[in-house]
file work_1.csv (CSV, C-alpha atoms (C1' of nucleotides))
chain,number,residue,atom,x,y,z
A,1,MET,CA,1.3,27.5,31.8
A,2,GLU,CA,1.2,26.6,28.2
A,3,GLU,CA,1.4,22.8,28.7
A,4,LEU,CA,-1.7,22.9,30.9
A,5,LEU,CA,-3.6,24.9,28.4
A,6,ASN,CA,-2.7,22.3,25.7
A,7,CYS,CA,-4.4,19.6,27.7
A,8,GLU,CA,-7.5,18.9,25.8
A,9,VAL,CA,-8.8,16.3,28.3
A,10,ASN,CA,-10.7,17.2,31.4
A,11,SER,CA,-8.5,16.3,34.3
A,12,ILE,CA,-10.0,14.9,37.5
A,13,ASP,CA,-7.4,16.5,39.8
A,14,GLU,CA,-5.7,19.5,38.2
A,15,LYS,CA,-3.4,20.1,41.1
A,16,LYS,CA,-2.1,16.5,41.0
A,17,VAL,CA,-1.7,16.7,37.2
A,18,GLU,CA,0.2,19.9,37.4
A,19,LYS,CA,2.5,18.5,40.1
A,20,VAL,CA,3.3,15.4,38.1
A,21,LYS,CA,3.9,17.4,34.9
A,22,ARG,CA,6.5,19.4,36.8
A,23,THR,CA,8.4,16.4,38.2
A,24,LEU,CA,8.3,14.4,35.0
A,25,PRO,CA,11.7,13.9,33.2
A,26,ASN,CA,11.9,15.8,30.0
A,27,ASP,CA,10.5,14.3,26.8
A,28,GLU,CA,14.0,13.6,25.4
A,29,THR,CA,15.0,11.6,28.4
A,30,ILE,CA,11.8,9.6,28.3
A,31,PHE,CA,12.2,9.0,24.6
A,32,ASP,CA,15.8,7.9,25.0
A,33,VAL,CA,15.1,5.5,27.8
A,34,ALA,CA,12.2,4.0,25.8
A,35,GLU,CA,14.5,3.6,22.8
A,36,LEU,CA,17.0,1.8,25.0
A,37,PHE,CA,14.5,-0.6,26.4
A,38,LYS,CA,13.2,-1.2,22.9
A,39,VAL,CA,16.6,-2.7,22.2
A,40,PHE,CA,16.1,-5.2,25.0
A,41,GLY,CA,12.6,-6.0,23.8
A,42,ASP,CA,13.4,-8.6,21.2
A,43,SER,CA,14.1,-12.3,21.9
A,44,THR,CA,17.0,-12.5,19.5
A,45,ARG,CA,18.8,-9.5,20.9
A,46,MET,CA,18.0,-10.6,24.4
A,47,LYS,CA,19.7,-14.0,23.6
A,48,ILE,CA,22.7,-12.2,22.2
A,49,ILE,CA,23.0,-10.2,25.3
A,50,CYS,CA,22.7,-13.3,27.5
A,51,ALA,CA,25.4,-15.0,25.5
A,52,LEU,CA,27.7,-12.0,25.8
A,53,LEU,CA,27.1,-12.0,29.6
A,54,GLU,CA,29.2,-15.1,29.6
A,55,GLU,CA,31.9,-14.6,27.0
A,56,GLU,CA,33.2,-12.3,24.3
A,57,LEU,CA,32.0,-13.9,21.0
A,58,CYS,CA,32.3,-13.5,17.3
A,59,VAL,CA,29.3,-13.1,14.9
A,60,CYS,CA,29.6,-16.7,13.7
A,61,ASP,CA,29.4,-18.1,17.2
A,62,ILE,CA,26.6,-15.9,18.2
A,63,ALA,CA,24.7,-17.1,15.2
A,64,CYS,CA,25.4,-20.6,16.2
A,65,ILE,CA,24.3,-20.1,19.8
A,66,THR,CA,21.1,-18.3,18.8
A,67,ASN,CA,20.2,-20.6,16.0
A,68,SER,CA,20.1,-17.7,13.7
A,69,THR,CA,22.0,-16.6,10.6
A,70,PRO,CA,25.2,-14.5,10.6
A,71,SER,CA,23.3,-11.9,8.6
A,72,ALA,CA,20.5,-11.6,11.0
A,73,ILE,CA,22.9,-11.4,13.9
A,74,SER,CA,25.0,-8.8,12.2
A,75,HIS,CA,21.9,-6.6,11.7
A,76,GLN,CA,21.0,-7.0,15.4
A,77,LEU,CA,24.6,-6.3,16.6
A,78,ARG,CA,24.3,-3.0,14.7
A,79,VAL,CA,21.3,-2.2,16.8
A,80,LEU,CA,23.1,-3.1,20.0
A,81,LYS,CA,26.2,-1.1,18.9
A,82,GLN,CA,24.1,2.0,18.2
A,83,ALA,CA,22.6,1.7,21.7
A,84,LYS,CA,26.2,1.5,23.1
A,85,LEU,CA,25.4,-1.8,24.6
A,86,VAL,CA,28.2,-3.7,22.9
A,87,LYS,CA,31.7,-3.0,21.9
A,88,TYR,CA,33.8,-4.9,19.4
A,89,ARG,CA,37.4,-5.6,18.4
A,90,LYS,CA,38.6,-7.0,15.1
A,91,GLU,CA,41.1,-9.8,14.8
A,92,GLY,CA,41.8,-10.6,11.2
A,93,LYS,CA,38.5,-11.6,9.5
A,94,VAL,CA,36.8,-12.2,12.8
A,95,VAL,CA,35.0,-9.5,14.8
A,96,TYR,CA,34.6,-10.1,18.5
A,97,TYR,CA,31.7,-8.5,20.4
A,98,ALA,CA,31.4,-7.9,24.1
A,99,LEU,CA,29.1,-6.1,26.4
A,100,ASP,CA,30.1,-2.4,26.8
A,101,ASP,CA,29.4,-1.8,30.4
A,102,ASP,CA,27.8,-3.4,33.5
A,103,HIS,CA,24.4,-1.6,33.1
A,104,VAL,CA,23.4,-4.3,30.6
A,105,ARG,CA,23.9,-7.0,33.2
A,106,GLN,CA,22.1,-5.0,35.8
A,107,ILE,CA,19.1,-4.2,33.6
A,108,PHE,CA,18.8,-7.8,32.5
A,109,GLU,CA,18.9,-9.0,36.1
A,110,LYS,CA,16.2,-6.6,37.2
A,111,GLY,CA,14.0,-7.8,34.3
A,112,ARG,CA,14.6,-11.4,35.2
A,113,GLU,CA,13.7,-10.7,38.8
A,114,HIS,CA,10.4,-9.3,37.7
A,115,VAL,CA,9.4,-12.1,35.4
A,116,GLU,CA,10.5,-14.8,37.8
A,117,GLU,CA,8.6,-13.2,40.7
A,118,VAL,CA,5.3,-13.2,38.8
B,1,MET,CA,24.5,-33.2,21.8
B,2,GLU,CA,21.5,-32.4,19.7
B,3,GLU,CA,21.6,-28.7,20.0
B,4,LEU,CA,25.1,-28.6,18.6
B,5,LEU,CA,24.1,-30.8,15.6
B,6,ASN,CA,21.3,-28.3,14.9
B,7,CYS,CA,23.8,-25.6,14.5
B,8,GLU,CA,24.0,-25.0,10.8
B,9,VAL,CA,26.6,-22.3,11.1
B,10,ASN,CA,30.3,-23.1,11.3
B,11,SER,CA,31.4,-22.0,14.7
B,12,ILE,CA,34.8,-20.5,15.2
B,13,ASP,CA,35.3,-21.9,18.7
B,14,GLU,CA,33.1,-24.9,19.4
B,15,LYS,CA,34.2,-25.2,23.0
B,16,LYS,CA,33.2,-21.7,23.8
B,17,VAL,CA,29.9,-22.1,22.0
B,18,GLU,CA,29.1,-25.2,23.9
B,19,LYS,CA,29.9,-23.6,27.2
B,20,VAL,CA,27.8,-20.6,26.5
B,21,LYS,CA,24.9,-22.7,25.3
B,22,ARG,CA,25.0,-24.6,28.6
B,23,THR,CA,25.0,-21.5,30.8
B,24,LEU,CA,22.3,-19.6,28.8
B,25,PRO,CA,19.0,-19.1,30.6
B,26,ASN,CA,16.2,-21.2,29.0
B,27,ASP,CA,14.3,-19.9,26.0
B,28,GLU,CA,11.2,-19.2,27.9
B,29,THR,CA,13.0,-17.0,30.4
B,30,ILE,CA,14.7,-15.1,27.6
B,31,PHE,CA,11.4,-14.6,25.8
B,32,ASP,CA,9.6,-13.4,28.9
B,33,VAL,CA,12.3,-10.9,29.8
B,34,ALA,CA,12.3,-9.6,26.2
B,35,GLU,CA,8.5,-9.3,26.4
B,36,LEU,CA,8.8,-7.4,29.6
B,37,PHE,CA,11.3,-4.9,28.2
B,38,LYS,CA,9.2,-4.5,25.1
B,39,VAL,CA,6.6,-3.0,27.4
B,40,PHE,CA,9.1,-0.4,28.5
B,41,GLY,CA,10.1,0.2,24.9
B,42,ASP,CA,7.5,2.7,24.0
B,43,SER,CA,7.5,6.5,24.7
B,44,THR,CA,3.9,6.7,25.7
B,45,ARG,CA,4.1,3.8,28.1
B,46,MET,CA,7.4,5.1,29.4
B,47,LYS,CA,5.7,8.4,30.1
B,48,ILE,CA,2.9,6.7,31.9
B,49,ILE,CA,5.3,4.8,34.0
B,50,CYS,CA,7.2,8.0,34.8
B,51,ALA,CA,4.0,9.7,35.8
B,52,LEU,CA,3.0,6.8,38.0
B,53,LEU,CA,6.4,6.9,39.7
B,54,GLU,CA,5.1,10.1,41.3
B,55,GLU,CA,1.5,9.5,42.0
B,56,GLU,CA,-1.4,7.2,41.7
B,57,LEU,CA,-3.4,8.6,38.7
B,58,CYS,CA,-6.7,8.0,36.9
B,59,VAL,CA,-6.9,7.4,33.1
B,60,CYS,CA,-8.1,10.9,32.5
B,61,ASP,CA,-5.2,12.5,34.3
B,62,ILE,CA,-2.7,10.3,32.6
B,63,ALA,CA,-4.1,11.2,29.2
B,64,CYS,CA,-3.8,14.9,30.2
B,65,ILE,CA,-0.2,14.5,31.4
B,66,THR,CA,0.9,12.5,28.3
B,67,ASN,CA,-1.0,14.7,25.8
B,68,SER,CA,-2.8,11.6,24.6
B,69,THR,CA,-6.4,10.4,24.5
B,70,PRO,CA,-8.1,8.4,27.2
B,71,SER,CA,-8.7,5.6,24.7
B,72,ALA,CA,-5.0,5.4,23.7
B,73,ILE,CA,-4.0,5.4,27.4
B,74,SER,CA,-6.6,2.8,28.2
B,75,HIS,CA,-5.1,0.5,25.6
B,76,GLN,CA,-1.6,1.1,26.9
B,77,LEU,CA,-2.7,0.6,30.5
B,78,ARG,CA,-3.9,-2.8,29.5
B,79,VAL,CA,-0.5,-3.7,28.2
B,80,LEU,CA,1.1,-2.5,31.5
B,81,LYS,CA,-1.5,-4.5,33.5
B,82,GLN,CA,-0.8,-7.7,31.5
B,83,ALA,CA,2.9,-7.3,32.3
B,84,LYS,CA,2.0,-6.9,36.0
B,85,LEU,CA,3.6,-3.5,36.1
B,86,VAL,CA,0.6,-1.6,37.3
B,87,LYS,CA,-2.3,-2.3,39.6
B,88,TYR,CA,-5.6,-0.4,39.8
B,89,ARG,CA,-8.5,0.3,42.1
B,90,LYS,CA,-11.9,1.5,41.2
B,91,GLU,CA,-13.6,4.4,42.9
B,92,GLY,CA,-17.0,5.0,41.4
B,93,LYS,CA,-16.5,5.8,37.7
B,94,VAL,CA,-12.9,6.6,38.1
B,95,VAL,CA,-10.1,3.9,37.9
B,96,TYR,CA,-6.9,4.8,39.7
B,97,TYR,CA,-3.7,3.2,38.4
B,98,ALA,CA,-0.4,2.8,40.4
B,99,LEU,CA,2.9,0.9,39.9
B,100,ASP,CA,2.6,-2.7,41.1
B,101,ASP,CA,6.1,-3.1,42.6
B,102,ASP,CA,9.5,-1.4,43.0
B,103,HIS,CA,11.1,-3.3,40.1
B,104,VAL,CA,9.6,-0.8,37.7
B,105,ARG,CA,11.4,2.1,39.4
B,106,GLN,CA,14.6,0.2,39.5
B,107,ILE,CA,14.5,-0.8,35.9
B,108,PHE,CA,13.7,2.7,34.8
B,109,GLU,CA,16.5,4.1,36.9
B,110,LYS,CA,19.0,1.6,35.4
B,111,GLY,CA,17.9,2.6,31.9
B,112,ARG,CA,18.2,6.3,32.7
B,113,GLU,CA,21.7,5.8,34.1
B,114,HIS,CA,22.7,4.2,30.9
B,115,VAL,CA,21.3,6.8,28.5
B,116,GLU,CA,22.6,9.7,30.7
B,117,GLU,CA,26.0,8.2,30.8
B,118,VAL,CA,26.3,8.1,27.1
C,1,DT,C1',-35.2,5.8,34.3
C,2,DC,C1',-32.3,8.8,31.6
C,3,DA,C1',-28.4,11.8,30.7
C,4,DA,C1',-23.7,12.5,31.6
C,5,DT,C1',-19.2,10.8,32.4
C,6,DA,C1',-15.1,7.6,32.9
C,7,DT,C1',-13.2,3.8,31.1
C,8,DA,C1',-12.8,-0.3,28.0
C,9,DT,C1',-12.6,-2.6,23.7
C,10,DG,C1',-12.8,-4.2,18.8
C,11,DA,C1',-11.7,-3.1,14.1
C,12,DA,C1',-9.1,-0.5,10.8
C,13,DT,C1',-5.1,1.8,9.5
C,14,DA,C1',-0.6,3.5,9.3
C,15,DT,C1',3.9,2.8,10.7
C,16,DA,C1',7.8,0.3,12.6
C,17,DT,C1',10.7,-3.6,12.7
C,18,DG,C1',13.0,-8.4,12.1
C,19,DT,C1',14.4,-11.6,8.8
C,20,DT,C1',15.8,-13.0,4.3
C,21,DC,C1',18.3,-12.7,0.2
C,22,DA,C1',21.6,-10.9,-2.7
C,23,DT,C1',25.6,-8.6,-2.8
C,24,DA,C1',29.5,-5.8,-1.0
C,25,DT,C1',33.7,-5.4,1.7
C,26,DA,C1',37.7,-6.9,4.1
C,27,DT,C1',41.1,-10.2,5.4
C,28,DT,C1',43.8,-14.4,5.0
C,29,DC,C1',46.4,-17.7,2.7
C,30,DA,C1',47.8,-20.5,-1.2
D,1,DT,C1',46.6,-12.3,-7.6
D,2,DG,C1',42.6,-15.1,-6.7
D,3,DA,C1',39.8,-18.2,-3.9
D,4,DA,C1',37.8,-18.7,0.6
D,5,DT,C1',35.9,-16.9,4.6
D,6,DA,C1',33.8,-13.5,8.1
D,7,DT,C1',31.1,-9.8,8.4
D,8,DA,C1',28.3,-5.9,6.8
D,9,DT,C1',24.6,-3.8,4.4
D,10,DG,C1',20.6,-2.5,1.3
D,11,DA,C1',16.1,-3.7,-0.4
D,12,DA,C1',12.0,-6.4,0.0
D,13,DC,C1',8.7,-8.7,2.5
D,14,DA,C1',6.0,-10.2,6.3
D,15,DT,C1',4.6,-9.3,10.7
D,16,DA,C1',3.8,-6.6,14.9
D,17,DT,C1',2.1,-2.7,17.1
D,18,DA,C1',0.3,2.1,18.4
D,19,DT,C1',-3.3,5.1,17.5
D,20,DT,C1',-7.8,6.4,16.0
D,21,DC,C1',-12.6,5.9,15.7
D,22,DA,C1',-16.9,4.0,16.8
D,23,DT,C1',-19.1,1.8,20.2
D,24,DA,C1',-19.9,-0.7,24.6
D,25,DT,C1',-20.0,-0.9,29.6
D,26,DA,C1',-20.4,0.9,34.1
D,27,DT,C1',-21.5,4.3,37.5
D,28,DT,C1',-23.5,8.5,39.2
D,29,DG,C1',-27.0,11.8,40.1
D,30,DA,C1',-31.1,14.3,38.5

call {"tool": "encode", "arguments": {"input": "work_1.csv", "output": "structure tokens"}}
result
Amino acid sequence: MEELLNCEVNSIDEKKVEKVKRTLPNDETIFDVAELFKVFGDSTRMKIICALLEEELCVCDIACITNSTPSAISHQLRVLKQAKLVKYRKEGKVVYYALDDDHVRQIFEKGREHVEEV
Amino acid sequence: MEELLNCEVNSIDEKKVEKVKRTLPNDETIFDVAELFKVFGDSTRMKIICALLEEELCVCDIACITNSTPSAISHQLRVLKQAKLVKYRKEGKVVYYALDDDHVRQIFEKGREHVEEV
DNA sequence: TCAATATATGAATATATGTTCATATATTCA
DNA sequence: TGAATATATGAACATATATTCATATATTGA
């Protein structure tokens, strides 16, 4: 197999390596999952997410809650939007953001479980 | 309340803001959870994690599986170790790494669900 | 003891990313 | 229409971080 020939490092247990390579999710999936978690991997965004776990909120209020600027929050909301983690609705000048689905809550809770256990 | 006075941004709905501020996890928890997800937010580490979901593996084999160098993998394993995501055991010259608990699998699965749903 | 091998680590470098600042856009209301 | 306000966005800057390279450490076996 080509992938095995591309392996420039001497493996200790070729059989195991071969088996793991076969069962691994494809690179695109791994990349996409990593990109998703990257979005969770920032304090400001995490705080935005925590806030939205409670309530639908506008940019201004999120800025207030996170002790940040509307501009910084707007930039971060774009990241969250691109990751399909938040949805929004416009009401006049005000844009309200909310979590897009329940995965967000579940992922946060799992993360919290881990850090609180350690 | 002091926190409210510190808010330099005009909020739209002060009551809502106040309520959310009260229910928010403390900053340390938010920071720690973000730091945890940061660890998941890199393709190489994600691939290491996926590999370890299948089998206990040594540095060399992980390098082979991820098409990376033992040095790069060793650096990343340190990050995973610090986040208490992996444990290891030494057998002669070889160090075997494995996932530390089942949170890792659960977190990965939640992430995968999200990206595959979109 | 010495060579070979597996892993770890520090420094350097290149790249990615979060915030700030200035500015643009959109909406409301006088 | 024009001012005020909420949000969005592009560029610049500072910081963080992943990989590479050189080297160190540890273990085995000759």

call {"tool": "residues_around", "arguments": {"input": "work_1.csv", "residues": "region 107-116 of chain A", "least_positions_apart": "5", "cutoff": "7 Å", "atoms": "only C-alpha atoms (C1' of nucleotides)", "output": "ChimeraX atom specification"}}
result
/B:32-33,103,107,110

call {"tool": "residues_around", "arguments": {"input": "work_1.csv", "residues": "DA3 (chain C)", "least_positions_apart": "3", "cutoff": "12 Å", "atoms": "only C-alpha atoms (C1' of nucleotides)", "output": "list in words"}}
result
DT28, DG29 and DA30 of chain D

call {"tool": "residues_around", "arguments": {"input": "work_1.csv", "residues": "region 7-16 of chain D", "least_positions_apart": "4", "cutoff": "12 Å", "atoms": "only C-alpha atoms (C1' of nucleotides)", "output": "MDAnalysis selection string"}}
result
(chainID A and resid 42 58:60 63 69:78 90:96) or (chainID B and resid 38) or (chainID C and resid 15:27)

call {"tool": "calpha_fit_rmsd", "arguments": {"input": "work_1.csv", "fixed": "chain B", "moving": "chain A"}}
result
0.1 Å

call {"tool": "closest_atom_pairs", "arguments": {"input": "work_1.csv", "of": "chain D", "to": "chain B", "cutoff": "10 Å", "atoms": "all atoms listed in the file", "output": "Markdown table"}}
result
| residue | atom | partner | partner_atom | distance |
| --- | --- | --- | --- | --- |
| D:DA18 | C1' | B:Ala72 | CA | 8.2 |
| D:DT19 | C1' | B:Ala72 | CA | 6.4 |
| D:DT20 | C1' | B:Ala72 | CA | 8.3 |
| D:DC21 | C1' | B:Ser71 | CA | 9.8 |
| D:DA26 | C1' | B:Lys93 | CA | 7.2 |
| D:DT27 | C1' | B:Lys93 | CA | 5.2 |
| D:DT28 | C1' | B:Lys93 | CA | 7.7 |

call {"tool": "decode", "arguments": {"input": "work_1.csv", "residues": "region 79-96 of chain B", "atoms": "N, CA and C atoms", "output": "short mmCIF file (atom, residue, chain, number, x, y, z; two decimals), in the first residue's frame"}}
result
data_model
loop_
_atom_site.label_atom_id
_atom_site.label_comp_id
_atom_site.auth_asym_id
_atom_site.auth_seq_id
_atom_site.Cartn_x
_atom_site.Cartn_y
_atom_site.Cartn_z
N VAL B 79 2.02 18.12 25.00
CA VAL B 79 0.81 18.94 25.14
C VAL B 79 -0.37 18.08 25.61
N LEU B 80 -0.51 16.93 25.00
CA LEU B 80 -1.62 16.02 25.36
C LEU B 80 -1.46 15.51 26.79
N LYS B 81 -0.23 15.29 27.17
CA LYS B 81 0.07 14.82 28.53
C LYS B 81 -0.31 15.89 29.54
N GLN B 82 0.10 17.13 29.25
CA GLN B 82 -0.19 18.24 30.17
C GLN B 82 -1.69 18.44 30.36
N ALA B 83 -2.45 18.15 29.30
CA ALA B 83 -3.91 18.31 29.37
C ALA B 83 -4.57 17.08 29.96
N LYS B 84 -3.75 16.14 30.44
CA LYS B 84 -4.25 14.90 31.05
C LYS B 84 -5.11 14.09 30.09
N LEU B 85 -4.79 14.18 28.82
CA LEU B 85 -5.57 13.44 27.83
C LEU B 85 -4.94 12.09 27.52
N VAL B 86 -3.63 11.99 27.73
CA VAL B 86 -2.96 10.71 27.50
C VAL B 86 -2.14 10.31 28.71
N LYS B 87 -1.96 9.02 28.83
CA LYS B 87 -1.05 8.48 29.84
C LYS B 87 0.01 7.68 29.10
N TYR B 88 1.05 7.26 29.78
CA TYR B 88 2.10 6.52 29.08
C TYR B 88 2.75 5.51 30.01
N ARG B 89 3.37 4.53 29.39
CA ARG B 89 4.16 3.56 30.15
C ARG B 89 5.42 3.27 29.37
N LYS B 90 6.49 3.06 30.08
CA LYS B 90 7.79 2.86 29.45
C LYS B 90 8.09 1.37 29.43
N GLU B 91 8.62 0.92 28.32
CA GLU B 91 9.02 -0.49 28.20
C GLU B 91 10.37 -0.47 27.50
N GLY B 92 11.42 -0.49 28.28
CA GLY B 92 12.76 -0.37 27.70
C GLY B 92 12.93 1.01 27.10
N LYS B 93 13.37 1.04 25.85
CA LYS B 93 13.56 2.33 25.19
C LYS B 93 12.23 2.91 24.69
N VAL B 94 11.25 2.06 24.60
CA VAL B 94 9.99 2.45 23.96
C VAL B 94 8.99 2.99 24.97
N VAL B 95 8.33 4.09 24.61
CA VAL B 95 7.28 4.67 25.46
C VAL B 95 5.93 4.51 24.77
N TYR B 96 5.03 3.83 25.45
CA TYR B 96 3.71 3.62 24.88
C TYR B 96 2.71 4.63 25.44
#
